[in-house]
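**Student:** The following file, run_9.cif, comprises mmCIF, C-alpha atoms:
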```cif
data_final
loop_
_atom_site.label_atom_id
_atom_site.label_comp_id
_atom_site.auth_asym_id
_atom_site.auth_seq_id
_atom_site.Cartn_x
_atom_site.Cartn_y
_atom_site.Cartn_z
CA MET A 1 7.92 -25.88 5.90
CA TYR A 2 10.35 -26.69 3.11
CA TRP A 3 12.57 -24.00 1.68
CA THR A 4 12.31 -23.16 -2.02
CA LYS A 5 14.53 -20.84 -4.05
CA PRO A 6 11.77 -18.22 -4.59
CA LEU A 7 10.92 -18.22 -0.87
CA SER A 8 14.59 -17.94 0.04
CA ASP A 9 15.09 -14.98 -2.33
CA LEU A 10 11.94 -13.29 -1.02
CA VAL A 11 12.97 -13.61 2.63
CA LEU A 12 16.50 -12.37 1.90
CA THR A 13 15.17 -9.38 -0.05
CA VAL A 14 12.59 -8.27 2.52
CA ASP A 15 14.86 -8.83 5.51
CA SER A 16 17.77 -7.03 3.83
CA ILE A 17 15.59 -3.99 3.12
CA THR A 18 14.35 -4.08 6.71
CA LEU A 19 17.90 -4.12 8.06
CA ILE A 20 19.31 -1.49 5.70
CA ILE A 21 16.49 1.01 6.20
CA GLY A 22 15.06 0.11 9.59
CA LEU A 23 18.19 -0.42 11.67
CA PRO A 24 19.76 3.06 11.17
CA ALA A 25 16.36 4.73 11.66
CA ASN A 26 15.69 2.82 14.87
CA LEU A 27 19.20 3.47 16.22
CA LEU A 28 18.71 7.19 15.58
CA ALA A 29 15.34 7.01 17.35
CA LEU A 30 16.89 5.13 20.28
CA TYR A 31 19.55 7.81 20.75
CA THR A 32 16.91 10.56 20.56
CA PHE A 33 14.52 8.95 23.04
CA ILE A 34 17.27 8.22 25.57
CA GLN A 35 18.45 11.83 25.43
CA LYS A 36 14.89 13.11 25.71
CA ILE A 37 14.06 10.88 28.69
CA LYS A 38 17.24 11.97 30.47
CA GLN A 39 16.12 15.60 30.18
CA GLN A 40 12.36 15.39 30.71
CA ALA A 41 10.44 12.17 30.21
CA THR A 42 6.82 12.12 29.12
CA PRO A 43 4.46 9.10 28.95
CA LEU A 44 4.66 9.20 25.15
CA ASP A 45 8.47 9.07 25.25
CA VAL A 46 8.37 5.96 27.45
CA LEU A 47 5.92 4.18 25.15
CA LEU A 48 7.86 5.12 22.00
CA LEU A 49 11.13 3.96 23.56
CA ASN A 50 9.64 0.53 24.33
CA LEU A 51 8.26 0.27 20.79
CA ASN A 52 11.71 1.20 19.53
CA ILE A 53 13.30 -1.55 21.66
CA SER A 54 10.83 -4.09 20.21
CA ASP A 55 11.94 -3.13 16.69
CA LEU A 56 15.62 -3.40 17.59
CA LEU A 57 15.08 -6.90 18.98
CA VAL A 58 13.66 -7.89 15.60
CA HIS A 59 16.75 -6.45 13.90
CA ILE A 60 19.02 -8.46 16.21
CA PHE A 61 17.43 -11.77 15.22
CA LEU A 62 16.88 -11.01 11.52
CA PRO A 63 20.42 -12.16 10.54
CA LEU A 64 19.60 -15.62 11.93
CA ARG A 65 16.61 -15.95 9.64
CA MET A 66 18.59 -14.53 6.74
CA LYS A 67 21.26 -17.19 7.26
CA GLU A 68 18.59 -19.87 7.33
CA ALA A 69 17.11 -18.50 4.10
CA ALA A 70 20.54 -18.34 2.44
CA ASP A 71 21.39 -21.93 3.47
CA MET A 72 17.78 -23.07 2.83
CA GLN A 73 17.98 -25.05 6.06
CA TRP A 74 18.50 -24.47 9.77
CA THR A 75 22.20 -24.97 10.47
CA LEU A 76 22.53 -23.04 13.72
CA SER A 77 22.17 -24.23 17.30
CA TYR A 78 18.89 -25.91 18.19
CA PHE A 79 18.62 -23.54 21.18
CA LEU A 80 18.45 -20.47 18.90
CA CYS A 81 15.47 -21.75 16.91
CA PRO A 82 12.74 -21.47 19.60
CA LEU A 83 14.47 -18.39 21.01
CA MET A 84 14.16 -16.59 17.67
CA GLY A 85 10.49 -17.48 17.43
CA TYR A 86 9.88 -16.46 21.03
CA VAL A 87 11.49 -13.03 20.60
CA ILE A 88 9.80 -12.25 17.27
CA TYR A 89 6.33 -13.31 18.49
CA THR A 90 6.80 -11.34 21.70
CA THR A 91 7.74 -8.19 19.80
CA ILE A 92 4.73 -8.63 17.47
CA TYR A 93 2.15 -8.54 20.23
CA ASN A 94 4.08 -6.11 22.40
CA SER A 95 4.02 -3.71 19.45
CA THR A 96 0.23 -4.02 19.09
CA LEU A 97 -0.24 -3.18 22.79
CA LEU A 98 2.21 -0.27 22.66
CA LEU A 99 0.60 1.16 19.51
CA THR A 100 -2.76 0.94 21.25
CA ALA A 101 -1.41 2.70 24.34
CA ILE A 102 0.04 5.46 22.13
CA SER A 103 -3.34 5.95 20.44
CA VAL A 104 -5.09 6.16 23.83
CA GLU A 105 -2.48 8.66 25.08
CA ARG A 106 -2.92 10.86 22.00
CA TYR A 107 -6.73 10.71 22.22
CA LEU A 108 -6.93 11.53 25.93
CA GLY A 109 -4.56 14.46 25.49
CA VAL A 110 -6.92 16.06 22.94
CA ALA A 111 -10.35 14.92 24.17
CA PHE A 112 -9.77 15.50 27.90
CA PRO A 113 -6.84 17.93 28.16
CA ILE A 114 -7.53 19.10 31.74
CA LYS A 115 -7.98 15.64 33.27
CA TYR A 116 -5.11 14.33 31.15
CA LYS A 117 -2.68 16.85 32.69
CA GLN A 118 -3.59 15.58 36.16
CA TYR A 119 -2.55 12.04 35.27
CA HIS A 120 0.26 12.99 32.86
CA ASN A 121 2.84 10.92 34.72
CA PRO A 122 5.61 8.92 33.00
CA ARG A 123 5.53 6.42 35.86
CA LEU A 124 2.12 5.22 34.67
CA ALA A 125 3.59 4.69 31.21
CA VAL A 126 6.50 2.73 32.71
CA ILE A 127 4.05 0.52 34.62
CA ALA A 128 2.00 -0.02 31.46
CA ALA A 129 5.10 -0.86 29.38
CA VAL A 130 6.37 -3.35 31.96
CA LEU A 131 2.91 -4.94 32.10
CA PHE A 132 2.84 -5.24 28.30
CA TRP A 133 6.24 -6.96 28.26
CA VAL A 134 5.21 -9.38 31.03
CA VAL A 135 1.90 -10.26 29.35
CA THR A 136 3.38 -10.81 25.89
CA MET A 137 6.41 -12.72 27.17
CA ALA A 138 4.16 -14.98 29.24
CA HIS A 139 1.79 -15.58 26.33
CA CYS A 140 4.51 -16.30 23.81
CA SER A 141 6.19 -18.81 26.10
CA PHE A 142 3.88 -21.31 24.37
CA VAL A 143 6.70 -21.55 21.80
CA TYR A 144 8.74 -23.52 24.34
CA ILE A 145 5.73 -25.54 25.49
CA VAL A 146 5.08 -26.68 21.92
CA HIS A 147 8.77 -27.51 21.38
CA GLN A 148 8.65 -29.90 24.34
CA TYR A 149 6.43 -32.19 22.29
CA GLU A 150 8.62 -32.02 19.21
CA SER A 151 11.04 -34.84 20.01
CA LYS A 152 8.62 -37.05 21.91
CA ASN A 153 7.52 -40.05 19.94
CA GLU A 154 4.35 -41.19 21.65
CA SER A 155 3.27 -44.79 21.09
CA ASN A 156 0.01 -43.62 19.45
CA ASP A 157 1.75 -40.97 17.37
CA THR A 158 3.14 -42.26 14.11
CA GLN A 159 4.87 -38.99 13.26
CA HIS A 160 8.27 -38.48 14.81
CA VAL A 161 9.83 -35.03 14.47
CA PRO A 162 13.62 -35.14 14.77
CA LEU A 163 15.73 -32.63 16.59
CA THR A 164 17.50 -31.67 13.39
CA ARG A 165 15.36 -30.04 10.74
CA ASP A 166 15.37 -28.35 7.35
CA SER A 167 13.56 -25.29 8.67
CA CYS A 168 13.09 -23.51 11.98
CA TYR A 169 9.41 -23.09 11.09
CA MET A 170 7.86 -26.25 12.44
CA MET A 171 5.44 -28.71 10.87
CA PHE A 172 3.23 -29.48 13.87
CA ASN A 173 2.04 -32.93 14.86
CA ASP A 174 -1.46 -33.63 16.23
CA LYS A 175 -0.47 -33.21 19.86
CA GLN A 176 1.13 -29.84 19.13
CA LEU A 177 -1.90 -28.67 17.13
CA LYS A 178 -4.20 -29.37 20.10
CA ILE A 179 -2.13 -26.92 22.12
CA ILE A 180 -1.26 -24.26 19.58
CA LEU A 181 -4.49 -23.74 17.61
CA PRO A 182 -6.74 -22.69 20.54
CA PHE A 183 -3.92 -20.55 21.87
CA ARG A 184 -3.49 -18.84 18.49
CA LEU A 185 -7.21 -18.03 18.52
CA GLU A 186 -6.78 -16.36 21.90
CA LEU A 187 -3.85 -14.32 20.53
CA PHE A 188 -6.00 -13.29 17.57
CA ILE A 189 -8.85 -12.05 19.79
CA ILE A 190 -7.06 -10.67 22.87
CA LEU A 191 -3.81 -9.31 21.45
CA PHE A 192 -4.92 -8.25 17.96
CA CYS A 193 -8.67 -7.65 17.57
CA ILE A 194 -9.23 -5.79 20.84
CA PRO A 195 -6.14 -3.53 20.45
CA PHE A 196 -7.09 -2.83 16.81
CA ILE A 197 -10.64 -1.83 17.78
CA ILE A 198 -9.39 0.46 20.56
CA CYS A 199 -6.76 1.97 18.29
CA SER A 200 -9.29 2.61 15.51
CA PHE A 201 -11.73 4.26 17.92
CA CYS A 202 -9.07 6.56 19.40
CA TYR A 203 -7.61 7.78 16.10
CA ILE A 204 -10.98 8.26 14.39
CA LYS A 205 -12.22 10.29 17.38
CA LEU A 206 -8.92 12.19 17.48
CA ILE A 207 -9.16 13.21 13.82
CA LEU A 208 -12.81 14.24 14.23
CA ILE A 209 -11.99 16.39 17.26
CA LEU A 210 -9.05 18.08 15.53
CA SER A 211 -11.13 18.76 12.44
CA ARG A 212 -13.63 20.71 14.59
CA LEU A 213 -10.99 22.75 16.41
CA HIS A 214 -10.17 25.78 14.28
CA THR A 215 -7.40 26.81 16.70
CA VAL A 216 -5.31 23.76 15.77
CA ASN A 217 -2.76 24.60 13.09
CA HIS A 218 -2.62 22.74 9.81
CA LYS A 219 0.71 21.02 10.51
CA LYS A 220 -0.50 19.49 13.77
CA ARG A 221 -3.64 18.22 12.09
CA CYS A 222 -1.59 16.69 9.27
CA ARG A 223 0.75 15.00 11.76
CA ALA A 224 -2.22 13.49 13.61
CA ILE A 225 -3.66 12.19 10.34
CA GLY A 226 -0.25 10.85 9.32
CA LEU A 227 0.16 9.07 12.66
CA ALA A 228 -3.29 7.49 12.33
CA LEU A 229 -2.68 6.37 8.75
CA VAL A 230 0.72 4.82 9.50
CA THR A 231 -0.71 3.01 12.55
CA PHE A 232 -3.59 1.62 10.49
CA LEU A 233 -1.08 0.59 7.82
CA VAL A 234 0.98 -1.29 10.41
CA PHE A 235 -2.07 -3.08 11.81
CA ILE A 236 -3.66 -3.97 8.45
CA VAL A 237 -0.60 -4.69 6.29
CA CYS A 238 1.87 -6.00 8.87
CA PHE A 239 -0.14 -7.60 11.69
CA MET A 240 -3.48 -8.60 10.16
CA PRO A 241 -2.30 -11.35 7.71
CA PHE A 242 -0.36 -13.13 10.46
CA ASN A 243 -3.28 -13.03 12.87
CA VAL A 244 -5.86 -13.97 10.24
CA SER A 245 -3.80 -17.13 9.63
CA HIS A 246 -4.46 -18.00 13.29
CA LEU A 247 -8.22 -17.71 12.76
CA VAL A 248 -8.12 -19.70 9.49
CA GLY A 249 -6.00 -22.39 11.15
CA PHE A 250 -8.38 -22.74 14.09
CA ILE A 251 -11.48 -22.97 11.86
CA GLY A 252 -9.86 -25.59 9.61
CA TRP A 253 -7.92 -27.16 12.51
CA TYR A 254 -4.57 -27.08 10.76
CA SER A 255 -1.51 -24.86 10.53
CA PRO A 256 -1.69 -23.00 7.18
CA SER A 257 1.44 -23.50 5.11
CA TRP A 258 1.11 -19.97 3.72
CA SER A 259 1.41 -18.43 7.19
CA VAL A 260 5.20 -18.42 6.76
CA TYR A 261 4.75 -15.62 4.21
CA THR A 262 2.86 -13.53 6.78
CA LEU A 263 6.05 -13.25 8.84
CA LEU A 264 7.60 -11.06 6.13
CA PRO A 265 5.35 -8.00 6.68
CA ILE A 266 5.70 -8.62 10.42
CA THR A 267 9.43 -8.01 10.29
CA PHE A 268 9.04 -5.21 7.72
CA ASN A 269 7.05 -3.41 10.42
CA ALA A 270 10.43 -2.43 11.91
CA CYS A 271 10.81 -0.09 8.89
CA LEU A 272 7.39 1.52 9.36
CA ASP A 273 7.55 2.21 13.08
CA PRO A 274 10.14 5.01 12.61
CA LEU A 275 7.38 6.87 10.72
CA ILE A 276 5.25 6.60 13.86
CA PHE A 277 8.17 7.96 15.87
CA TYR A 278 8.49 10.85 13.40
CA PHE A 279 4.83 11.86 13.55
CA SER A 280 4.67 11.42 17.35
CA SER A 281 7.85 13.10 18.61
CA SER A 282 8.89 16.69 17.86
CA THR A 283 12.32 15.92 19.34
CA LEU A 284 12.86 13.12 16.83
CA ARG A 285 11.75 15.36 13.98
CA GLN A 286 14.37 17.91 15.01
CA THR A 287 17.06 15.22 15.35
CA PHE A 288 16.14 13.76 11.98
CA SER A 289 16.26 17.18 10.32
CA LYS A 290 19.70 17.87 11.81
CA PHE A 291 20.92 14.43 10.73
CA ILE A 292 19.73 14.93 7.14
CA ALA A 293 21.20 18.45 7.03
CA GLY A 294 24.55 17.16 8.32
CA LEU A 295 24.52 14.29 5.83
CA ILE A 296 23.80 16.64 2.93
CA LYS A 297 26.60 18.95 4.07
CA LYS A 298 29.08 16.05 4.21
CA LEU A 299 28.02 14.91 0.74
CA GLU A 300 28.51 18.43 -0.60
CA VAL A 301 32.00 18.60 0.93
CA LEU A 302 32.83 15.17 -0.50
CA CYS A 303 31.61 16.13 -3.98
CA PHE A 304 33.53 19.41 -3.82
CA TRP A 305 36.71 17.59 -2.75
CA ARG A 306 36.39 15.09 -5.62
CA LEU A 307 35.87 17.91 -8.12
CA PHE A 308 38.85 19.75 -6.69
CA LYS A 309 41.08 16.65 -6.96
CA SER A 310 39.85 16.01 -10.50
CA SER A 311 40.57 19.58 -11.64
CA THR A 312 44.00 19.51 -9.95
CA LEU A 313 44.86 16.24 -11.70
CA LYS A 314 43.86 17.66 -15.08
CA GLU A 315 46.03 20.74 -14.53
CA ARG A 316 49.01 18.55 -13.65
CA LEU A 317 48.53 16.44 -16.78
CA GLN A 318 48.30 19.53 -18.93
CA ASN A 319 51.45 21.01 -17.36
CA SER A 320 53.36 17.77 -17.86
CA GLN A 321 52.48 17.75 -21.54
#
```
Once you've parsed the file, please lay out its structure as structure tokens.
**Tutor:**
Amino acid sequence: MYWTKPLSDLVLTVDSITLIIGLPANLLALYTFIQKIKQQATPLDVLLLNLNISDLLVHIFLPLRMKEAADMQWTLSYFLCPLMGYVIYTTIYNSTLLLTAISVERYLGVAFPIKYKQYHNPRLAVIAAVLFWVVTMAHCSFVYIVHQYESKNESNDTQHVPLTRDSCYMMFNDKQLKIILPFRLELFIILFCIPFIICSFCYIKLILILSRLHTVNHKKRCRAIGLALVTFLVFIVCFMPFNVSHLVGFIGWYSPSWSVYTLLPITFNACLDPLIFYFSSSTLRQTFSKFIAGLIKKLEVLCFWRLFKSSTLKERLQNSQ
């Protein structure tokens, strides 16, 4: 990939918005979940906390990509390049698994409330979260496997990729493509399609069940619909383009040059996940309401103080005249 000015501006714009909006929201969610888990942890709290950690990892590495976009070349340590890719890819697929687990947890709680209470144990959620991290980290280690072939100039390979580069996003040689394209197809099927199908089934069934229960209040039904819509939005807008590029690349046996643009909605997902936290956690809704109320109160005090200083200054000027 070669940097262009429009691409650089686009990356800087999207990543800046993601940092400005997503980072404070995720930090607020992190504080809320930690406090909630200290008091009384639920399986949903554990899953949301791990999803929150995935988003924060994206925020940590976003400044590296923003620097690359600003310089229009990779000027940082060679070690950080595969590490950034490894972390971002891991968080992508870890998020899909966690969102799927959240949908299953919500569905079971409504469809099978009695049996669900018997197995309502946060330890099971911890085991599932650890398993998700292990699976995604192991899968995404292919980033380092592919990088091993980057600097090797085989006798039958006329393309030599140097250790220094204009972009962290690699242009793969034939040997790398033989490794990465089948593996990308597996990621598309196992870590995107299957979770998306399960997630769709759970939320559609959940909405249908809630629509038949007249005892469920309107707010709870709206929150369930909001959670389902935001989750579908994350899967379709944020995750689908990136994963479709894997399928297109495997069919055509090449790495699509446009796939670099699909990383933008992937990182923007860190702004949308706080909406999932909001619709899923009553504790976070309360914390968010208190935060907004406190912020409004501080703004009112600040505005009042400025008006007071302005009126005092005018009186002094009038008295001096």
**Student:** For stretch 135-148 of chain A, list every protein, DNA or RNA residue within 10 Å, evaluated using all atoms listed in the file, and leave out those in the same chain fewer than 6 positions away; present the list as an MDAnalysis selection string.
**Tutor:** chainID A and resid 81:95 97 129 163 170 172:173 175:180 183:184 186:187 191
**Student:** Choose the residue, out of A:Tyr254, A:Ile292, A:Leu48, A:Phe268, that has the smallest atom-to-atom separation from A:Ile20; count all atoms listed in the file.
**Tutor:**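 With all atoms listed in the file as the atom set, the closest residue is A:Phe268.
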**Student:** Suppose a student applies the PyMOL selection byres ((chain A and resi 103-112) around 9) to this structure; what residues should they get, written as a ChimeraX atom specification?
**Tutor:** /A:43-44,98-102,113-117,120,198-203,205-206,209-210,224,228,231,280
**Student:** Please identify all polymer residues lying at most 12 Å from the point (1.4, 4.4, 6.3) (file coordinates), using all atoms listed in the file, and present the result as an MDAnalysis selection string.
**Tutor:** chainID A and resid 223 225:238 269 271:276 278:279
**Student:** Could you check the closest approach to A:Thr283 for each of A:Ala41, A:Leu23, A:Val11, A:Ile17 and tell me which residue wins, using all atoms listed in the file?
**Tutor:** A:Ala41
**Student:** Between atom CA of A:Ile53 and atom CA of A:Trp258, what is the spacing in Å?
**Tutor:** 28.5 Å
**Student:** Please identify all polymer residues within 12 Å of A:Gln286, counting all atoms listed in the file, omitting same-chain residues fewer than 4 positions from it, and present them as a PyMOL selection string.
**Tutor:** chain A and resi 28-29+32+36+277-282+290-293
**Student:** I need the residues from that last selection saved to file as an mmCIF file, keeping the file's coordinate frame (with C-alpha atoms), if you can.
**Tutor:**
```cif
data_model
loop_
_atom_site.group_PDB
_atom_site.id
_atom_site.type_symbol
_atom_site.label_atom_id
_atom_site.label_comp_id
_atom_site.auth_asym_id
_atom_site.auth_seq_id
_atom_site.Cartn_x
_atom_site.Cartn_y
_atom_site.Cartn_z
ATOM 1 C CA LEU A 28 18.710 7.190 15.580
ATOM 2 C CA ALA A 29 15.340 7.010 17.350
ATOM 3 C CA THR A 32 16.910 10.560 20.560
ATOM 4 C CA LYS A 36 14.890 13.110 25.710
ATOM 5 C CA PHE A 277 8.170 7.960 15.870
ATOM 6 C CA TYR A 278 8.490 10.850 13.400
ATOM 7 C CA PHE A 279 4.830 11.860 13.550
ATOM 8 C CA SER A 280 4.670 11.420 17.350
ATOM 9 C CA SER A 281 7.850 13.100 18.610
ATOM 10 C CA SER A 282 8.890 16.690 17.860
ATOM 11 C CA LYS A 290 19.700 17.870 11.810
ATOM 12 C CA PHE A 291 20.920 14.430 10.730
ATOM 13 C CA ILE A 292 19.730 14.930 7.140
ATOM 14 C CA ALA A 293 21.200 18.450 7.030
#
```
**Student:** Enter the distance from atom CA of A:Leu10 to atom CA of A:Leu80, in Å, rounded to one decimal.
**Tutor:**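 Atom CA of A:Leu80 lies 22.2 Å from atom CA of A:Leu10.
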**Student:** Calculated over all atoms listed in the file, which of the candidates A:Thr18, A:Asn50, A:Asn243, A:Thr287 has the smallest distance to A:Thr267?
**Tutor:**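 Among A:Thr18, A:Asn50, A:Asn243, A:Thr287, it is A:Thr18 that comes nearest to A:Thr267.
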**Student:** Place N, CA and C atoms on stretch 115-136 of chain A and deliver the coordinates as a PDB file, in the frame of the given file.
**Tutor:**
```
ATOM      1  N   LYS A 115      -8.151  16.860  32.475  1.00  0.00           N
ATOM      2  CA  LYS A 115      -7.980  15.640  33.270  1.00  0.00           C
ATOM      3  C   LYS A 115      -6.685  14.918  32.890  1.00  0.00           C
ATOM      4  N   TYR A 116      -6.328  15.009  31.614  1.00  0.00           N
ATOM      5  CA  TYR A 116      -5.110  14.330  31.150  1.00  0.00           C
ATOM      6  C   TYR A 116      -3.875  14.899  31.841  1.00  0.00           C
ATOM      7  N   LYS A 117      -3.829  16.226  32.035  1.00  0.00           N
ATOM      8  CA  LYS A 117      -2.680  16.850  32.690  1.00  0.00           C
ATOM      9  C   LYS A 117      -2.521  16.386  34.128  1.00  0.00           C
ATOM     10  N   GLN A 118      -3.654  16.053  34.784  1.00  0.00           N
ATOM     11  CA  GLN A 118      -3.590  15.580  36.160  1.00  0.00           C
ATOM     12  C   GLN A 118      -2.930  14.215  36.279  1.00  0.00           C
ATOM     13  N   TYR A 119      -3.096  13.405  35.248  1.00  0.00           N
ATOM     14  CA  TYR A 119      -2.550  12.040  35.270  1.00  0.00           C
ATOM     15  C   TYR A 119      -1.382  11.882  34.281  1.00  0.00           C
ATOM     16  N   HIS A 120      -0.831  13.023  33.837  1.00  0.00           N
ATOM     17  CA  HIS A 120       0.260  12.990  32.860  1.00  0.00           C
ATOM     18  C   HIS A 120       1.561  12.651  33.576  1.00  0.00           C
ATOM     19  N   ASN A 121       1.698  11.374  33.914  1.00  0.00           N
ATOM     20  CA  ASN A 121       2.840  10.920  34.720  1.00  0.00           C
ATOM     21  C   ASN A 121       3.563   9.807  33.981  1.00  0.00           C
ATOM     22  N   PRO A 122       4.864   9.984  33.721  1.00  0.00           N
ATOM     23  CA  PRO A 122       5.610   8.920  33.000  1.00  0.00           C
ATOM     24  C   PRO A 122       5.675   7.615  33.771  1.00  0.00           C
ATOM     25  N   ARG A 123       5.488   7.661  35.086  1.00  0.00           N
ATOM     26  CA  ARG A 123       5.530   6.420  35.860  1.00  0.00           C
ATOM     27  C   ARG A 123       4.399   5.478  35.447  1.00  0.00           C
ATOM     28  N   LEU A 124       3.243   6.047  35.135  1.00  0.00           N
ATOM     29  CA  LEU A 124       2.120   5.220  34.670  1.00  0.00           C
ATOM     30  C   LEU A 124       2.460   4.548  33.343  1.00  0.00           C
ATOM     31  N   ALA A 125       3.163   5.270  32.482  1.00  0.00           N
ATOM     32  CA  ALA A 125       3.590   4.690  31.210  1.00  0.00           C
ATOM     33  C   ALA A 125       4.608   3.581  31.418  1.00  0.00           C
ATOM     34  N   VAL A 126       5.512   3.766  32.391  1.00  0.00           N
ATOM     35  CA  VAL A 126       6.500   2.730  32.710  1.00  0.00           C
ATOM     36  C   VAL A 126       5.799   1.472  33.212  1.00  0.00           C
ATOM     37  N   ILE A 127       4.804   1.660  34.092  1.00  0.00           N
ATOM     38  CA  ILE A 127       4.050   0.520  34.620  1.00  0.00           C
ATOM     39  C   ILE A 127       3.328  -0.206  33.486  1.00  0.00           C
ATOM     40  N   ALA A 128       2.710   0.574  32.588  1.00  0.00           N
ATOM     41  CA  ALA A 128       2.000  -0.020  31.460  1.00  0.00           C
ATOM     42  C   ALA A 128       2.952  -0.784  30.546  1.00  0.00           C
ATOM     43  N   ALA A 129       4.114  -0.204  30.263  1.00  0.00           N
ATOM     44  CA  ALA A 129       5.100  -0.860  29.380  1.00  0.00           C
ATOM     45  C   ALA A 129       5.605  -2.153  29.985  1.00  0.00           C
ATOM     46  N   VAL A 130       5.909  -2.127  31.281  1.00  0.00           N
ATOM     47  CA  VAL A 130       6.370  -3.350  31.960  1.00  0.00           C
ATOM     48  C   VAL A 130       5.281  -4.419  31.919  1.00  0.00           C
ATOM     49  N   LEU A 131       4.043  -3.998  32.139  1.00  0.00           N
ATOM     50  CA  LEU A 131       2.910  -4.940  32.100  1.00  0.00           C
ATOM     51  C   LEU A 131       2.769  -5.552  30.704  1.00  0.00           C
ATOM     52  N   PHE A 132       2.939  -4.730  29.673  1.00  0.00           N
ATOM     53  CA  PHE A 132       2.840  -5.240  28.300  1.00  0.00           C
ATOM     54  C   PHE A 132       3.921  -6.289  28.031  1.00  0.00           C
ATOM     55  N   TRP A 133       5.152  -6.011  28.460  1.00  0.00           N
ATOM     56  CA  TRP A 133       6.240  -6.960  28.260  1.00  0.00           C
ATOM     57  C   TRP A 133       5.962  -8.270  28.999  1.00  0.00           C
ATOM     58  N   VAL A 134       5.478  -8.176  30.232  1.00  0.00           N
ATOM     59  CA  VAL A 134       5.210  -9.380  31.030  1.00  0.00           C
ATOM     60  C   VAL A 134       4.108 -10.207  30.379  1.00  0.00           C
ATOM     61  N   VAL A 135       3.032  -9.549  29.957  1.00  0.00           N
ATOM     62  CA  VAL A 135       1.900 -10.260  29.350  1.00  0.00           C
ATOM     63  C   VAL A 135       2.312 -10.947  28.051  1.00  0.00           C
ATOM     64  N   THR A 136       3.003 -10.220  27.178  1.00  0.00           N
ATOM     65  CA  THR A 136       3.380 -10.810  25.890  1.00  0.00           C
ATOM     66  C   THR A 136       4.435 -11.900  26.042  1.00  0.00           C
TER      67      THR A 136
END
```
